[in-house]
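Undergrad: My structure is in final_4.pdb, and what it holds is PDB, C-alpha atoms and all ligand atoms:
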ATOM      1  CA  MET A 754      -9.807  -2.393  20.773
ATOM      2  CA  LEU A 755      -6.884  -2.266  18.391
ATOM      3  CA  GLN A 756      -3.773  -4.054  19.489
ATOM      4  CA  THR A 757      -0.698  -1.923  19.143
ATOM      5  CA  SER A 758       1.817  -4.694  18.547
ATOM      6  CA  LEU A 759       0.991  -6.506  15.343
ATOM      7  CA  LYS A 760       3.660  -9.126  14.767
ATOM      8  CA  HIS A 761       4.524  -9.937  11.196
ATOM      9  CA  PRO A 762       7.235 -11.959   9.524
ATOM     10  CA  THR A 763       8.899  -8.842   8.110
ATOM     11  CA  SER A 764       9.949  -7.879  11.630
ATOM     12  CA  GLU A 765      13.350  -9.239  10.751
ATOM     13  CA  LYS A 766      14.975  -6.529   8.710
ATOM     14  CA  ILE A 767      15.913  -7.441   5.190
ATOM     15  CA  LYS A 768      18.899  -5.442   4.052
ATOM     16  CA  THR A 769      18.353  -5.389   0.284
ATOM     17  CA  PRO A 770      15.692  -3.127  -1.217
ATOM     18  CA  ILE A 771      12.414  -4.940  -1.545
ATOM     19  CA  MET A 772      11.780  -3.280  -4.886
ATOM     20  CA  GLN A 773      13.986  -1.565  -7.396
ATOM     21  CA  ILE A 774      12.324   0.382 -10.149
ATOM     22  CA  TYR A 775      14.295   1.385 -13.234
ATOM     23  CA  ASN A 776      13.041   3.795 -15.905
ATOM     24  CA  LEU A 777       9.416   2.810 -15.531
ATOM     25  CA  SER A 778       7.232   4.392 -18.194
ATOM     26  CA  LYS A 779       3.506   4.036 -18.637
ATOM     27  CA  THR A 780       1.096   5.584 -21.128
ATOM     28  CA  PHE A 781      -2.659   5.440 -21.445
ATOM     29  CA  ASP A 782      -3.792   5.870 -25.052
ATOM     30  CA  GLY A 783      -0.623   7.766 -25.944
ATOM     31  CA  PHE A 784      -0.827   9.965 -22.839
ATOM     32  CA  THR A 785       2.294   9.610 -20.713
ATOM     33  CA  VAL A 786       1.385   9.032 -17.074
ATOM     34  CA  LEU A 787       4.776   7.844 -15.785
ATOM     35  CA  GLU A 788       8.033   8.716 -17.503
ATOM     36  CA  ASN A 789      11.336   7.027 -16.707
ATOM     37  CA  VAL A 790      10.577   6.695 -13.016
ATOM     38  CA  SER A 791      13.449   5.146 -11.068
ATOM     39  CA  THR A 792      13.527   4.550  -7.335
ATOM     40  CA  GLU A 793      13.691   1.785  -4.773
ATOM     41  CA  ILE A 794      11.498   0.654  -1.911
ATOM     42  CA  ARG A 795      13.565  -0.190   1.131
ATOM     43  CA  ALA A 796      12.740  -2.889   3.629
ATOM     44  CA  SER A 797      11.037  -1.856   6.872
ATOM     45  CA  GLU A 798      10.582   1.720   5.696
ATOM     46  CA  VAL A 799       7.354   3.637   5.272
ATOM     47  CA  THR A 800       7.551   5.500   1.989
ATOM     48  CA  CYS A 801       4.804   8.092   1.539
ATOM     49  CA  ILE A 802       4.002   9.268  -1.959
ATOM     50  CA  LEU A 803       2.620  12.785  -2.155
ATOM     51  CA  GLY A 804       1.715  14.940  -5.101
ATOM     52  CA  PRO A 805      -1.096  16.718  -6.920
ATOM     53  CA  SER A 806      -4.096  14.921  -8.367
ATOM     54  CA  GLY A 807      -3.255  13.260 -11.669
ATOM     55  CA  ALA A 808       0.462  13.022 -10.843
ATOM     56  CA  GLY A 809       0.438   9.269 -11.513
ATOM     57  CA  LYS A 810       0.626   8.098  -7.870
ATOM     58  CA  SER A 811      -2.105   5.435  -8.085
ATOM     59  CA  THR A 812      -0.861   4.263 -11.468
ATOM     60  CA  PHE A 813       2.631   3.910 -10.010
ATOM     61  CA  LEU A 814       1.338   1.757  -7.127
ATOM     62  CA  ARG A 815      -0.715  -0.370  -9.485
ATOM     63  CA  CYS A 816       2.318  -0.916 -11.709
ATOM     64  CA  LEU A 817       4.332  -2.098  -8.708
ATOM     65  CA  ASN A 818       2.188  -5.195  -8.226
ATOM     66  CA  HIS A 819       1.412  -5.661 -11.914
ATOM     67  CA  LEU A 820      -2.191  -4.541 -11.710
ATOM     68  CA  GLU A 821      -1.181  -2.299 -14.627
ATOM     69  CA  PRO A 822       1.194  -3.508 -17.310
ATOM     70  CA  ILE A 823       4.102  -1.133 -17.896
ATOM     71  CA  ASP A 824       5.299   0.089 -21.290
ATOM     72  CA  SER A 825       9.003   0.008 -20.535
ATOM     73  CA  GLY A 826      11.446  -0.205 -17.669
ATOM     74  CA  LYS A 827      12.089  -2.800 -15.032
ATOM     75  CA  ILE A 828      10.621  -3.633 -11.636
ATOM     76  CA  LEU A 829      12.798  -5.905  -9.520
ATOM     77  CA  TYR A 830      11.140  -7.613  -6.562
ATOM     78  CA  LEU A 831      13.625  -9.082  -4.078
ATOM     79  CA  GLY A 832      16.248  -8.921  -6.823
ATOM     80  CA  ASN A 833      14.161 -10.697  -9.481
ATOM     81  CA  ASN A 834      13.052  -8.950 -12.649
ATOM     82  CA  THR A 835       9.267  -9.155 -12.571
ATOM     83  CA  GLN A 836       9.160  -8.319 -16.304
ATOM     84  CA  ASP A 837      11.088 -11.447 -17.153
ATOM     85  CA  LYS A 838       8.860 -13.824 -19.095
ATOM     86  CA  ASN A 839       9.833 -16.645 -16.749
ATOM     87  CA  TYR A 840       8.959 -14.647 -13.615
ATOM     88  CA  ASN A 841       5.949 -15.998 -11.745
ATOM     89  CA  VAL A 842       3.806 -12.920 -11.132
ATOM     90  CA  CYS A 843       1.828 -14.923  -8.551
ATOM     91  CA  THR A 844       4.799 -14.571  -6.189
ATOM     92  CA  LEU A 845       4.528 -10.817  -6.403
ATOM     93  CA  ARG A 846       0.748 -10.798  -6.048
ATOM     94  CA  THR A 847       0.933 -13.145  -3.070
ATOM     95  CA  GLU A 848       3.608 -11.205  -1.231
ATOM     96  CA  VAL A 849       2.613  -7.638  -2.047
ATOM     97  CA  GLY A 850      -0.681  -6.520  -0.524
ATOM     98  CA  MET A 851      -2.698  -3.589  -1.760
ATOM     99  CA  VAL A 852      -5.369  -1.559   0.003
ATOM    100  CA  SER A 853      -7.156   1.199  -1.850
ATOM    101  CA  GLN A 854      -9.754   3.782  -0.946
ATOM    102  CA  GLN A 855     -12.509   1.569  -2.350
ATOM    103  CA  PHE A 856     -12.509  -1.387  -0.019
ATOM    104  CA  ASN A 857     -13.494  -3.840  -2.804
ATOM    105  CA  LEU A 858     -14.958  -6.398  -0.415
ATOM    106  CA  PHE A 859     -17.217  -9.118  -1.772
ATOM    107  CA  PRO A 860     -20.673  -7.896  -0.685
ATOM    108  CA  PHE A 861     -22.326 -11.328  -0.422
ATOM    109  CA  LYS A 862     -19.536 -12.949   1.583
ATOM    110  CA  THR A 863     -19.159 -12.510   5.310
ATOM    111  CA  VAL A 864     -16.270 -10.544   6.736
ATOM    112  CA  LEU A 865     -14.553 -13.816   7.684
ATOM    113  CA  HIS A 866     -14.990 -15.296   4.212
ATOM    114  CA  ASN A 867     -13.643 -12.124   2.607
ATOM    115  CA  VAL A 868     -10.479 -12.441   4.694
ATOM    116  CA  MET A 869     -10.149 -16.226   4.172
ATOM    117  CA  LEU A 870     -10.625 -16.142   0.427
ATOM    118  CA  ALA A 871      -7.144 -15.306  -0.877
ATOM    119  CA  PRO A 872      -5.272 -17.712   1.429
ATOM    120  CA  VAL A 873      -7.570 -20.528   0.221
ATOM    121  CA  VAL A 874      -7.703 -19.611  -3.477
ATOM    122  CA  VAL A 875      -4.219 -18.213  -4.033
ATOM    123  CA  LYS A 876      -2.174 -20.036  -1.396
ATOM    124  CA  HIS A 877      -4.257 -23.263  -1.519
ATOM    125  CA  MET A 878      -4.520 -23.255   2.247
ATOM    126  CA  SER A 879      -7.044 -25.557   3.923
ATOM    127  CA  LYS A 880     -10.247 -23.801   5.004
ATOM    128  CA  ASN A 881      -9.510 -24.487   8.656
ATOM    129  CA  GLU A 882      -6.016 -23.029   8.471
ATOM    130  CA  ALA A 883      -7.250 -19.995   6.526
ATOM    131  CA  LYS A 884     -10.049 -19.475   9.028
ATOM    132  CA  GLU A 885      -7.594 -19.511  11.911
ATOM    133  CA  ILE A 886      -5.316 -16.972  10.215
ATOM    134  CA  ALA A 887      -8.267 -14.800   9.192
ATOM    135  CA  MET A 888      -9.676 -14.784  12.721
ATOM    136  CA  LYS A 889      -6.278 -13.806  14.126
ATOM    137  CA  GLU A 890      -6.027 -10.854  11.728
ATOM    138  CA  LEU A 891      -9.594  -9.797  12.503
ATOM    139  CA  GLU A 892      -8.861  -9.988  16.232
ATOM    140  CA  LYS A 893      -5.750  -7.852  15.857
ATOM    141  CA  LEU A 894      -7.786  -5.220  14.069
ATOM    142  CA  GLY A 895     -10.600  -5.294  16.617
ATOM    143  CA  LEU A 896     -13.088  -6.958  14.274
ATOM    144  CA  ALA A 897     -13.533 -10.446  15.745
ATOM    145  CA  ASP A 898     -17.161  -9.729  16.640
ATOM    146  CA  LYS A 899     -17.897  -8.748  13.021
ATOM    147  CA  ALA A 900     -16.605 -11.988  11.477
ATOM    148  CA  ASN A 901     -20.007 -13.387  10.532
ATOM    149  CA  LEU A 902     -21.559 -10.167   9.282
ATOM    150  CA  LEU A 903     -21.813  -8.942   5.724
ATOM    151  CA  PRO A 904     -19.524  -5.990   4.862
ATOM    152  CA  SER A 905     -22.495  -3.709   4.128
ATOM    153  CA  THR A 906     -23.496  -3.796   7.803
ATOM    154  CA  LEU A 907     -20.141  -2.322   8.860
ATOM    155  CA  SER A 908     -19.065   1.314   8.981
ATOM    156  CA  GLY A 909     -16.646   2.621   6.354
ATOM    157  CA  GLY A 910     -13.785   2.517   8.827
ATOM    158  CA  GLN A 911     -14.594  -1.052   9.799
ATOM    159  CA  GLN A 912     -14.799  -2.074   6.139
ATOM    160  CA  GLN A 913     -11.404  -0.523   5.525
ATOM    161  CA  ARG A 914     -10.019  -2.506   8.466
ATOM    162  CA  VAL A 915     -11.482  -5.693   6.933
ATOM    163  CA  ALA A 916      -9.734  -4.803   3.670
ATOM    164  CA  ILE A 917      -6.469  -4.401   5.592
ATOM    165  CA  ALA A 918      -7.036  -7.698   7.463
ATOM    166  CA  ARG A 919      -7.655  -9.390   4.117
ATOM    167  CA  SER A 920      -4.277  -8.206   2.850
ATOM    168  CA  LEU A 921      -2.485  -9.095   6.082
ATOM    169  CA  ALA A 922      -3.929 -12.630   6.042
ATOM    170  CA  MET A 923      -1.649 -13.257   3.074
ATOM    171  CA  LYS A 924       1.379 -12.415   5.267
ATOM    172  CA  PRO A 925       2.677  -9.841   2.795
ATOM    173  CA  LYS A 926       6.265  -8.629   2.716
ATOM    174  CA  LEU A 927       5.189  -5.278   1.316
ATOM    175  CA  MET A 928       1.940  -3.350   1.704
ATOM    176  CA  LEU A 929       0.786  -0.733  -0.774
ATOM    177  CA  PHE A 930      -1.858   1.705   0.470
ATOM    178  CA  ASP A 931      -3.579   4.040  -1.969
ATOM    179  CA  GLU A 932      -5.230   6.823   0.021
ATOM    180  CA  PRO A 933      -6.477   4.398   2.673
ATOM    181  CA  THR A 934      -8.271   7.101   4.638
ATOM    182  CA  SER A 935      -9.684   9.311   1.915
ATOM    183  CA  ALA A 936     -13.146   7.705   1.821
ATOM    184  CA  LEU A 937     -13.528   7.783   5.596
ATOM    185  CA  ASP A 938     -15.245  10.212   7.909
ATOM    186  CA  PRO A 939     -12.698  12.171   9.942
ATOM    187  CA  GLU A 940     -13.438  10.323  13.183
ATOM    188  CA  LEU A 941     -12.708   6.968  11.503
ATOM    189  CA  VAL A 942      -9.415   8.068   9.979
ATOM    190  CA  ARG A 943      -7.565   7.632  13.265
ATOM    191  CA  ASP A 944      -8.293   3.869  13.401
ATOM    192  CA  VAL A 945      -6.635   3.285  10.058
ATOM    193  CA  VAL A 946      -3.732   5.596  10.929
ATOM    194  CA  ASP A 947      -3.240   3.635  14.179
ATOM    195  CA  ILE A 948      -3.124   0.363  12.237
ATOM    196  CA  ILE A 949      -0.474   1.745   9.900
ATOM    197  CA  HIS A 950       1.506   2.901  12.927
ATOM    198  CA  ALA A 951       1.263  -0.554  14.500
ATOM    199  CA  LEU A 952       2.343  -2.183  11.246
ATOM    200  CA  LYS A 953       5.277   0.180  11.071
ATOM    201  CA  LYS A 954       6.291  -0.847  14.577
ATOM    202  CA  SER A 955       6.128  -4.489  13.515
ATOM    203  CA  GLY A 956       8.643  -3.730  10.754
ATOM    204  CA  MET A 957       6.241  -3.954   7.813
ATOM    205  CA  THR A 958       7.488  -2.296   4.636
ATOM    206  CA  MET A 959       4.814   0.057   3.318
ATOM    207  CA  VAL A 960       4.244   2.466   0.480
ATOM    208  CA  VAL A 961       1.416   4.860   1.254
ATOM    209  CA  VAL A 962      -0.134   7.322  -1.170
ATOM    210  CA  THR A 963      -1.845  10.018   0.833
ATOM    211  CA  HIS A 964      -3.162  13.548   0.646
ATOM    212  CA  GLU A 965      -2.989  13.874   4.427
ATOM    213  CA  MET A 966       0.145  15.827   5.182
ATOM    214  CA  GLY A 967      -0.107  15.392   8.961
ATOM    215  CA  PHE A 968      -0.267  11.646   8.535
ATOM    216  CA  ALA A 969       2.724  11.640   6.150
ATOM    217  CA  LEU A 970       4.717  13.748   8.570
ATOM    218  CA  GLU A 971       3.802  11.421  11.425
ATOM    219  CA  VAL A 972       4.379   8.046   9.802
ATOM    220  CA  ALA A 973       6.788   8.406   6.863
ATOM    221  CA  ASP A 974      10.471   7.521   6.910
ATOM    222  CA  ARG A 975      10.767   8.927   3.427
ATOM    223  CA  ILE A 976       8.705  11.094   1.106
ATOM    224  CA  LEU A 977       8.495  10.746  -2.650
ATOM    225  CA  PHE A 978       6.915  13.775  -4.292
ATOM    226  CA  MET A 979       5.387  13.046  -7.688
ATOM    227  CA  ALA A 980       4.105  15.423 -10.315
ATOM    228  CA  ASP A 981       3.405  14.917 -14.021
ATOM    229  CA  GLY A 982       4.633  11.353 -13.991
ATOM    230  CA  HIS A 983       8.013  12.057 -12.383
ATOM    231  CA  ILE A 984       9.470  11.761  -8.902
ATOM    232  CA  LEU A 985      10.642  15.304  -8.333
ATOM    233  CA  GLU A 986      11.783  14.992  -4.733
ATOM    234  CA  ASP A 987      12.962  12.057  -2.624
ATOM    235  CA  ALA A 988      13.588  13.260   0.894
ATOM    236  CA  SER A 989      13.124  12.681   4.601
ATOM    237  CA  PRO A 990       9.871  14.142   5.965
ATOM    238  CA  GLU A 991      11.871  16.806   7.831
ATOM    239  CA  LYS A 992      13.599  17.913   4.643
ATOM    240  CA  PHE A 993      10.487  17.650   2.500
ATOM    241  CA  PHE A 994       8.222  19.671   4.759
ATOM    242  CA  ASN A 995      10.810  22.281   5.733
ATOM    243  CA  ASN A 996      13.116  22.813   2.836
ATOM    244  CA  PRO A 997      12.500  20.744  -0.303
ATOM    245  CA  ASP A 998      14.901  21.263  -3.227
ATOM    246  CA  ASP A 999      12.341  21.021  -5.991
ATOM    247  CA  GLU A1000      10.383  24.151  -6.825
ATOM    248  CA  ARG A1001       7.067  22.342  -7.380
ATOM    249  CA  ALA A1002       7.535  20.508  -4.095
ATOM    250  CA  ARG A1003       8.077  23.865  -2.379
ATOM    251  CA  ALA A1004       4.888  25.257  -3.904
ATOM    252  CA  PHE A1005       2.990  22.070  -2.946
ATOM    253  CA  VAL A1006       4.140  22.230   0.671
ATOM    254  CA  ALA A1007       3.393  25.968   0.879
ATOM    255  CA  LYS A1008      -0.163  25.329  -0.304
ATOM    256  CA  MET A1009      -0.694  22.513   2.170
ATOM    257  CA  PHE A1010       0.245  24.420   5.324
TER     258      PHE A1010
HETATM  259  N1  LIG A1101      -7.141   3.299 -16.752
HETATM  260  C1  LIG A1101      -6.847   4.523 -17.207
HETATM  261  N2  LIG A1101      -7.112   4.866 -18.487
HETATM  262  C2  LIG A1101      -6.774   6.093 -18.968
HETATM  263  N3  LIG A1101      -6.181   7.064 -18.231
HETATM  264  C3  LIG A1101      -5.908   6.764 -16.960
HETATM  265  C4  LIG A1101      -6.214   5.499 -16.369
HETATM  266  N4  LIG A1101      -5.804   5.506 -15.070
HETATM  267  C5  LIG A1101      -5.263   6.732 -14.862
HETATM  268  N5  LIG A1101      -5.316   7.476 -15.975
HETATM  269  C6  LIG A1101      -4.814   8.846 -16.127
HETATM  270  O1  LIG A1101      -3.471   8.851 -15.654
HETATM  271  C7  LIG A1101      -3.204  10.062 -14.948
HETATM  272  C8  LIG A1101      -2.685   9.727 -13.572
HETATM  273  O2  LIG A1101      -3.723   9.108 -12.839
HETATM  274  P1  LIG A1101      -3.519   8.559 -11.363
HETATM  275  O3  LIG A1101      -4.820   7.995 -10.944
HETATM  276  O4  LIG A1101      -2.337   7.675 -11.333
HETATM  277  O5  LIG A1101      -3.194   9.917 -10.581
HETATM  278  P2  LIG A1101      -3.085  10.185  -9.021
HETATM  279  O6  LIG A1101      -1.793  10.886  -8.806
HETATM  280  O7  LIG A1101      -3.318   8.925  -8.289
HETATM  281  O8  LIG A1101      -4.254  11.219  -8.765
HETATM  282  P3  LIG A1101      -5.240  11.384  -7.479
HETATM  283  O9  LIG A1101      -4.428  12.108  -6.436
HETATM  284  O10 LIG A1101      -6.362  12.231  -7.990
HETATM  285  O11 LIG A1101      -5.687  10.037  -7.049
HETATM  286  C9  LIG A1101      -4.509  10.852 -14.931
HETATM  287  O12 LIG A1101      -4.432  11.815 -15.960
HETATM  288  C10 LIG A1101      -5.551   9.822 -15.217
HETATM  289  O13 LIG A1101      -6.645  10.372 -15.899
HETATM  290 MG    MG A1102      -4.812   8.271  -6.985
END
Taking this structure as input, can you express it in the form of structure tokens?

TA:
Amino acid sequence: MLQTSLKHPTSEKIKTPIMQIYNLSKTFDGFTVLENVSTEIRASEVTCILGPSGAGKSTFLRCLNHLEPIDSGKILYLGNNTQDKNYNVCTLRTEVGMVSQQFNLFPFKTVLHNVMLAPVVVKHMSKNEAKEIAMKELEKLGLADKANLLPSTLSGGQQQRVAIARSLAMKPKLMLFDEPTSALDPELVRDVVDIIHALKKSGMTMVVVTHEMGFALEVADRILFMADGHILEDASPEKFFNNPDDERARAFVAKMF
């Protein structure tokens, strides 16, 4: 059973934006994917990013935790410029978790070892301490009985929950989800949605890219609509789904419902 009250250190609200993004641009082989994108990610909010395929949503998320280098612009994390040559990117990678639609679990490591790995390797935690934290995260996500199994023996939904537990074991301040439910069978989607709800209740700051409008409507505090490498609308879910200002956002919403 999933527990509905996941307690995390970000429960205490931080007033400043967790991330501030200024004029972020990114090209791939001369093709502009993100152009002068500016926005901020606010603490304890769930920001859902919507938009058509190819809009640059995944690239944007990957830029936020430096999985993709950016061409120009600035990303501030907790007020520090992460582009600064003296900035320790490890801080960002340690504190910002990412879960994508491919679960990217190590196939020859048990569930428990997958979840323990980053605390041991990145945070230099002792194996015992990491094991304790990993088991707690697995318990919270209803996976304690799977700890000693290999990921391939789990369902897609369970593997996605392991991927989430792995991120949470690092005690992140910000979680980035890139279409966390898109590879799952419909009946497994609800588990992951419930986890995101529980994390929201705990005060976790999250950015979630999704194509599931119902989910965005249910969980988002704020919607960013992206198309062609720009944020065209930044609105509350009520505003976005009922009366967006941007014409492409209107057309997008009309097509979705
Ligand atoms: N590593 C890469 N090399 C070259 N082009 C890339 C790379 N990653 C993304 N792109 C291109 O950048 C554009 C934006 O891709 P991105 O994956 O960010 O879109 P998306 O909004 O996440 O789309 P989807 O909803 O289909 O996941 C696409 O045209 C894509 O082909
Ligand atoms: Mg994508």

Undergrad: Between A:Ser797, A:Ser935, A:Ser908, A:Thr844, which has the minimum distance to ligand LIG 1101 (chain A) (counting all atoms listed in the file)?

TA: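 Result for the nearest residue to ligand LIG 1101 (chain A): A:Ser935.
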
Undergrad: Step by step, work through what the PyMOL selection byres (((not hetatm)) within 8 of (chain A and resi 1102)) selects in the shown file, and finish by giving those residues as a list in words.

TA: Ser806, Gly807, Gly809, Lys810, Ser811, Thr812, Asp931, Glu932 and Val962 of chain A

Undergrad: In terms of the shortest atom-to-atom distance over all atoms listed in the file, which of A:Thr863, A:Gln836, A:Thr800, A:Gln854 is closest to ligand LIG 1101 (chain A)?

TA: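 Counting all atoms listed in the file, the residue closest to ligand LIG 1101 (chain A) is A:Gln854.
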
Undergrad: When the PyMOL selection byres (((chain A and resi 859) around 12) and not hetatm) is applied to the file above, which residues end up in the set, as a list of chain:residue names?

TA: A:Gln855, A:Phe856, A:Asn857, A:Leu858, A:Pro860, A:Phe861, A:Lys862, A:Thr863, A:Val864, A:Leu865, A:His866, A:Asn867, A:Val868, A:Met869, A:Leu870, A:Ala871, A:Leu902, A:Leu903, A:Pro904, A:Ser905, A:Gln912, A:Val915, A:Ala916, A:Arg919

Undergrad: Carefully work through the PyMOL selection byres (((chain A and resi 982-993) around 9) and not hetatm) for this structure and note down the residues it includes, as a VMD selection string.

TA: chain A and resid 778 to 779 785 to 792 807 to 810 813 969 to 971 973 to 981 994 to 1003 1006

Undergrad: How far is it from CA of Ala1007 in chain A to CA of Pro805 in chain A, in Å with one decimal?

TA: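 Computing the Euclidean distance for CA of Ala1007 in chain A and CA of Pro805 in chain A yields 12.9 Å.
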
Undergrad: Restricting the calculation to all atoms listed in the file: of A:Tyr830, A:Phe781, A:Phe1005, A:Phe930, which residue gets closest to Gly850 in chain A?

TA: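 Of A:Tyr830, A:Phe781, A:Phe1005, A:Phe930, the one nearest Gly850 in chain A is A:Phe930, counting all atoms listed in the file.
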
Undergrad: With all atoms listed in the file as the basis for distance, which of A:Leu929, A:Ala900, A:Ile802, A:Met888 is at the shortest distance from Leu820 in chain A?

TA: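 Looking at the shortest contact to Leu820 in chain A, the residue is A:Leu929.
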
Undergrad: So, counting all atoms listed in the file, which residue among A:Val842, A:Leu927, A:Val961, A:Val874 is closest to ligand LIG 1101 (chain A)?

TA: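 Smallest distance to ligand LIG 1101 (chain A) is found for A:Val961.
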
Undergrad: Report, in Å with one decimal, the straight-line distance from CA of Phe784 in chain A to CA of Met772 in chain A.

TA: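 CA of Met772 in chain A lies at a distance of 25.6 Å from CA of Phe784 in chain A.
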
Undergrad: How far is it from CA of Met966 in chain A to CA of Gly804 in chain A, in Å with one decimal?

TA: 10.4 Å

Undergrad: Let me make sure I understand: among A:Pro925, A:Gly832, A:Pro933, A:Gly910, which one has the smallest atom-to-atom distance to ligand LIG 1101 (chain A) if we use only C-alpha atoms and all ligand atoms?

TA: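 Closest candidate: A:Pro933.
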
Undergrad: Using 3 Å of padding on each side, determine the axis-aligned box around all atoms of ligand LIG 1101 (chain A) present in the file and give its centre and edge lengths in Å to one decimal, as JSON.

TA:
{"center_x": -4.5, "center_y": 7.8, "center_z": -12.7, "size_x": 11.3, "size_y": 14.9, "size_z": 18.5}

Undergrad: Tell me, as a ChimeraX atom specification, which residues lie within 12 Å of Gln773 in chain A, counting all atoms listed in the file; anything in the same chain fewer than 2 positions away does not count.

TA: /A:769-771,775-777,790-796,817,826-835
